[in-house]
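Shown below: my_file.cif, with mmCIF, C-alpha atoms.
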```cif
data_entry
#
loop_
_atom_site.label_atom_id
_atom_site.label_comp_id
_atom_site.auth_asym_id
_atom_site.auth_seq_id
_atom_site.Cartn_x
_atom_site.Cartn_y
_atom_site.Cartn_z
CA MET V 1 -18.25 18.44 -5.83
CA ALA V 2 -18.40 15.43 -3.52
CA ALA V 3 -16.39 12.32 -4.25
CA GLN V 4 -18.38 9.19 -4.97
CA ASN V 5 -17.82 5.76 -3.44
CA VAL V 6 -15.61 7.11 -0.68
CA THR V 7 -15.32 5.19 2.57
CA PRO V 8 -14.02 7.66 5.16
CA LYS V 9 -12.65 5.02 7.54
CA LEU V 10 -11.69 1.46 6.84
CA ARG V 11 -9.76 -0.93 9.03
CA ILE V 12 -8.20 -4.03 7.49
CA SER V 13 -5.90 -6.28 9.46
CA TYR V 14 -2.60 -6.83 7.66
CA LYS V 15 -2.96 -10.54 8.50
CA ASP V 16 -6.18 -10.63 6.42
CA ILE V 17 -4.47 -9.28 3.30
CA ILE V 18 -3.43 -11.84 0.70
CA SER V 19 -2.26 -9.51 -2.08
CA VAL V 20 -1.17 -5.94 -2.68
CA THR V 21 -1.12 -4.73 -6.30
CA ARG V 22 -0.30 -1.54 -8.14
CA GLU V 23 -3.27 -0.45 -10.25
CA LYS V 24 -4.27 2.31 -12.65
CA SER V 25 -7.31 4.55 -12.40
CA ALA V 26 -8.96 5.67 -15.62
CA ILE V 27 -7.07 2.79 -17.30
CA VAL V 28 -3.91 4.87 -17.84
CA ILE V 29 -3.10 6.75 -14.62
CA PRO V 30 -0.79 4.68 -12.36
CA ASN V 31 -2.06 6.08 -9.06
CA ALA V 32 -3.91 3.26 -7.29
CA ILE V 33 -3.23 0.39 -4.91
CA LYS V 34 -5.52 -2.63 -4.54
CA LEU V 35 -5.67 -4.85 -1.46
CA ARG V 36 -7.33 -8.29 -1.60
CA THR V 37 -8.32 -10.10 1.58
CA LYS V 38 -8.70 -13.75 2.56
CA LYS V 39 -12.48 -13.33 2.09
CA GLN V 40 -11.77 -12.22 -1.51
CA ASP V 41 -12.87 -8.65 -0.77
CA GLU V 42 -11.02 -6.07 -2.87
CA TYR V 43 -10.29 -2.49 -1.86
CA LEU V 44 -8.99 0.06 -4.33
CA PHE V 45 -7.22 3.14 -2.97
CA VAL V 46 -6.72 5.99 -5.43
CA SER V 47 -4.72 9.13 -4.80
CA TYR V 48 -2.93 11.83 -6.71
CA ILE V 49 0.14 11.65 -4.50
CA PRO V 50 2.98 9.36 -5.62
CA ARG V 51 1.69 5.79 -5.47
CA GLU V 52 5.06 4.08 -5.14
CA LYS V 53 5.95 5.56 -1.76
CA ASN V 54 2.57 4.54 -0.34
CA PHE V 55 2.86 1.09 -1.90
CA ILE V 56 6.28 0.48 -0.33
CA THR V 57 5.05 1.56 3.11
CA ILE V 58 1.93 -0.64 2.93
CA PHE V 59 3.92 -3.58 1.54
CA ARG V 60 6.60 -3.42 4.26
CA LEU V 61 4.02 -3.17 7.05
CA TRP V 62 2.10 -6.10 5.55
CA GLN V 63 5.33 -8.10 5.15
CA ASN V 64 6.25 -7.55 8.81
CA SER V 65 2.77 -8.65 9.86
CA VAL V 66 2.91 -11.84 7.78
CA LEU V 67 6.33 -12.66 9.24
CA ASP V 68 5.15 -11.84 12.79
CA GLN V 69 7.82 -9.17 13.10
CA SER V 70 6.37 -6.30 15.07
CA LEU V 71 7.71 -2.77 14.81
CA ASP V 72 8.06 -0.48 17.78
CA TYR V 73 6.95 3.15 17.50
CA GLN V 74 10.38 4.45 16.45
CA GLN V 75 10.77 1.82 13.70
CA LEU V 76 7.27 2.49 12.36
CA ARG V 77 7.82 6.25 12.41
CA ALA V 78 11.18 5.89 10.62
CA LEU V 79 9.64 3.67 7.94
CA VAL V 80 6.79 6.06 7.22
CA LEU V 81 8.91 9.21 7.31
CA THR V 82 11.65 7.71 5.14
CA ASN V 83 9.19 6.70 2.43
CA GLN V 84 7.06 9.84 2.59
CA TYR V 85 9.83 12.42 2.61
CA SER V 86 12.33 10.73 0.32
CA HIS V 87 12.69 12.49 -3.04
CA ASP V 88 14.31 9.42 -4.57
CA ASP V 89 11.84 7.06 -6.25
CA SER V 90 14.59 4.53 -7.04
CA ASN V 91 13.90 2.62 -3.80
CA THR V 92 11.21 0.56 -5.47
CA LEU V 93 10.53 -3.07 -4.67
CA GLU V 94 12.16 -5.72 -6.85
CA ASN V 95 12.14 -3.95 -10.22
CA ASN V 96 8.71 -2.45 -9.59
CA ASP V 97 6.75 -5.70 -9.98
CA GLU V 98 3.07 -4.96 -10.46
CA TYR V 99 1.85 -7.83 -8.27
CA VAL V 100 2.91 -8.96 -4.84
CA HIS V 101 1.15 -12.00 -3.35
CA ILE V 102 1.67 -14.22 -0.33
#
```

Starting from the file, lay out its structure as structure tokens.
Amino acid sequence: MAAQNVTPKLRISYKDIISVTREKSAIVIPNAIKLRTKKQDEYLFVSYIPREKNFITIFRLWQNSVLDQSLDYQQLRALVLTNQYSHDDSNTLENNDEYVHI
């Protein structure tokens, strides 16, 4: 069974993102992340892996981009590995706010 509405590759500059939100698929499943761009385009990413770890990684990379703080390879690798392999979901952002906007 092929997935519908799947874009295999998508490149969005972090500088073009104006909001990152936690979303729910099927109205009740908290497994999606939505990005909104300066052009008001919206992209919904749905997965069955833990959303929070992906959200934190995307948010921190976006935050560094907005603040013009580049990461070298080792810093980027550490960020991704820490969030992906951590078994502790308590490292959420600011009480798990549903909406983050700059």

request  = Pull out every residue that the PyMOL selection byres ((chain V and resi 20) around 6) matches in the shown coordinates and put them as a list in words.
outcome  =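 Selected by the PyMOL selection byres ((chain V and resi 20) around 6) in this file: Ser19, Thr21, Lys34, Leu35 and Val100 of chain V.
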
Output for the residues just chosen: C-alpha atoms as a PDB file, in the coordinates of the input:
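Listing of part_18.pdb after writing:
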```pdb
ATOM      1  CA  SER V  19      -2.260  -9.510  -2.080  1.00  0.00           C
ATOM      2  CA  THR V  21      -1.120  -4.730  -6.300  1.00  0.00           C
ATOM      3  CA  LYS V  34      -5.520  -2.630  -4.540  1.00  0.00           C
ATOM      4  CA  LEU V  35      -5.670  -4.850  -1.460  1.00  0.00           C
ATOM      5  CA  VAL V 100       2.910  -8.960  -4.840  1.00  0.00           C
TER       6      VAL V 100
END
```

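CA of Arg77 (chain V) sits 26.3 Å away from CA of Pro30 (chain V).
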
ask   = Could you work out how far CA of Val28 (chain V) lies from CA of Glu52 (chain V), giving the answer in Å with one decimal?
value =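 Atom-to-atom, CA of Glu52 (chain V) and CA of Val28 (chain V) are spaced 15.6 Å apart.
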
message = Counting all atoms listed in the file, which residue out of V:Leu71, V:Leu79, V:Val66, V:Ile56 sits closest to Asp16 (chain V)?
response =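 Ranked by minimum distance to Asp16 (chain V), first place goes to V:Val66.
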
note = For Ile18 (chain V), the closest of V:Arg51, V:Tyr43, V:Ser70, V:Gln75 counting only C-alpha atoms is V:Tyr43

inquiry  = Could you tell me how far CA of Asp68 (chain V) sits from CA of Ile33 (chain V), in Å to one decimal place?
reply    = 23.1 Å

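Among V:Pro8, V:Leu76, V:Gln40, V:Phe55, the residue with the shortest atom-to-atom distance to Glu23 (chain V), counting all atoms listed in the file, is V:Phe55.
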
Suppose a student applies the PyMOL selection byres ((chain V and resi 47) around 7) to this structure; what residues should they get, written as a PDB file with C-alpha atoms, in the coordinates of the input?
```
ATOM      1  CA  ASN V  31      -2.060   6.080  -9.060  1.00  0.00           C
ATOM      2  CA  ALA V  32      -3.910   3.260  -7.290  1.00  0.00           C
ATOM      3  CA  PHE V  45      -7.220   3.140  -2.970  1.00  0.00           C
ATOM      4  CA  VAL V  46      -6.720   5.990  -5.430  1.00  0.00           C
ATOM      5  CA  TYR V  48      -2.930  11.830  -6.710  1.00  0.00           C
ATOM      6  CA  ILE V  49       0.140  11.650  -4.500  1.00  0.00           C
TER       7      ILE V  49
END
```

ask   = Could you name the residues that touch Thr57 (chain V) at 10 Å or less, counting only C-alpha atoms, but leaving out those on the same chain fewer than 2 positions away, as a list in words?
value = Glu52, Lys53, Asn54, Phe55, Phe59, Arg60, Leu61, Trp62, Gln63, Leu76, Leu79, Val80, Leu81, Thr82, Asn83 and Gln84 of chain V

Produce the centre coordinates and the three edge lengths, each in Å to one decimal, of the box along x, y and z that contains all listed atoms of region 37-48 of chain V with 5 Å added on each side, as AutoDock Vina command-line options.
```
--center_x -7.9 --center_y -1.0 --center_z -2.1 --size_x 19.9 --size_y 35.6 --size_z 19.3
```
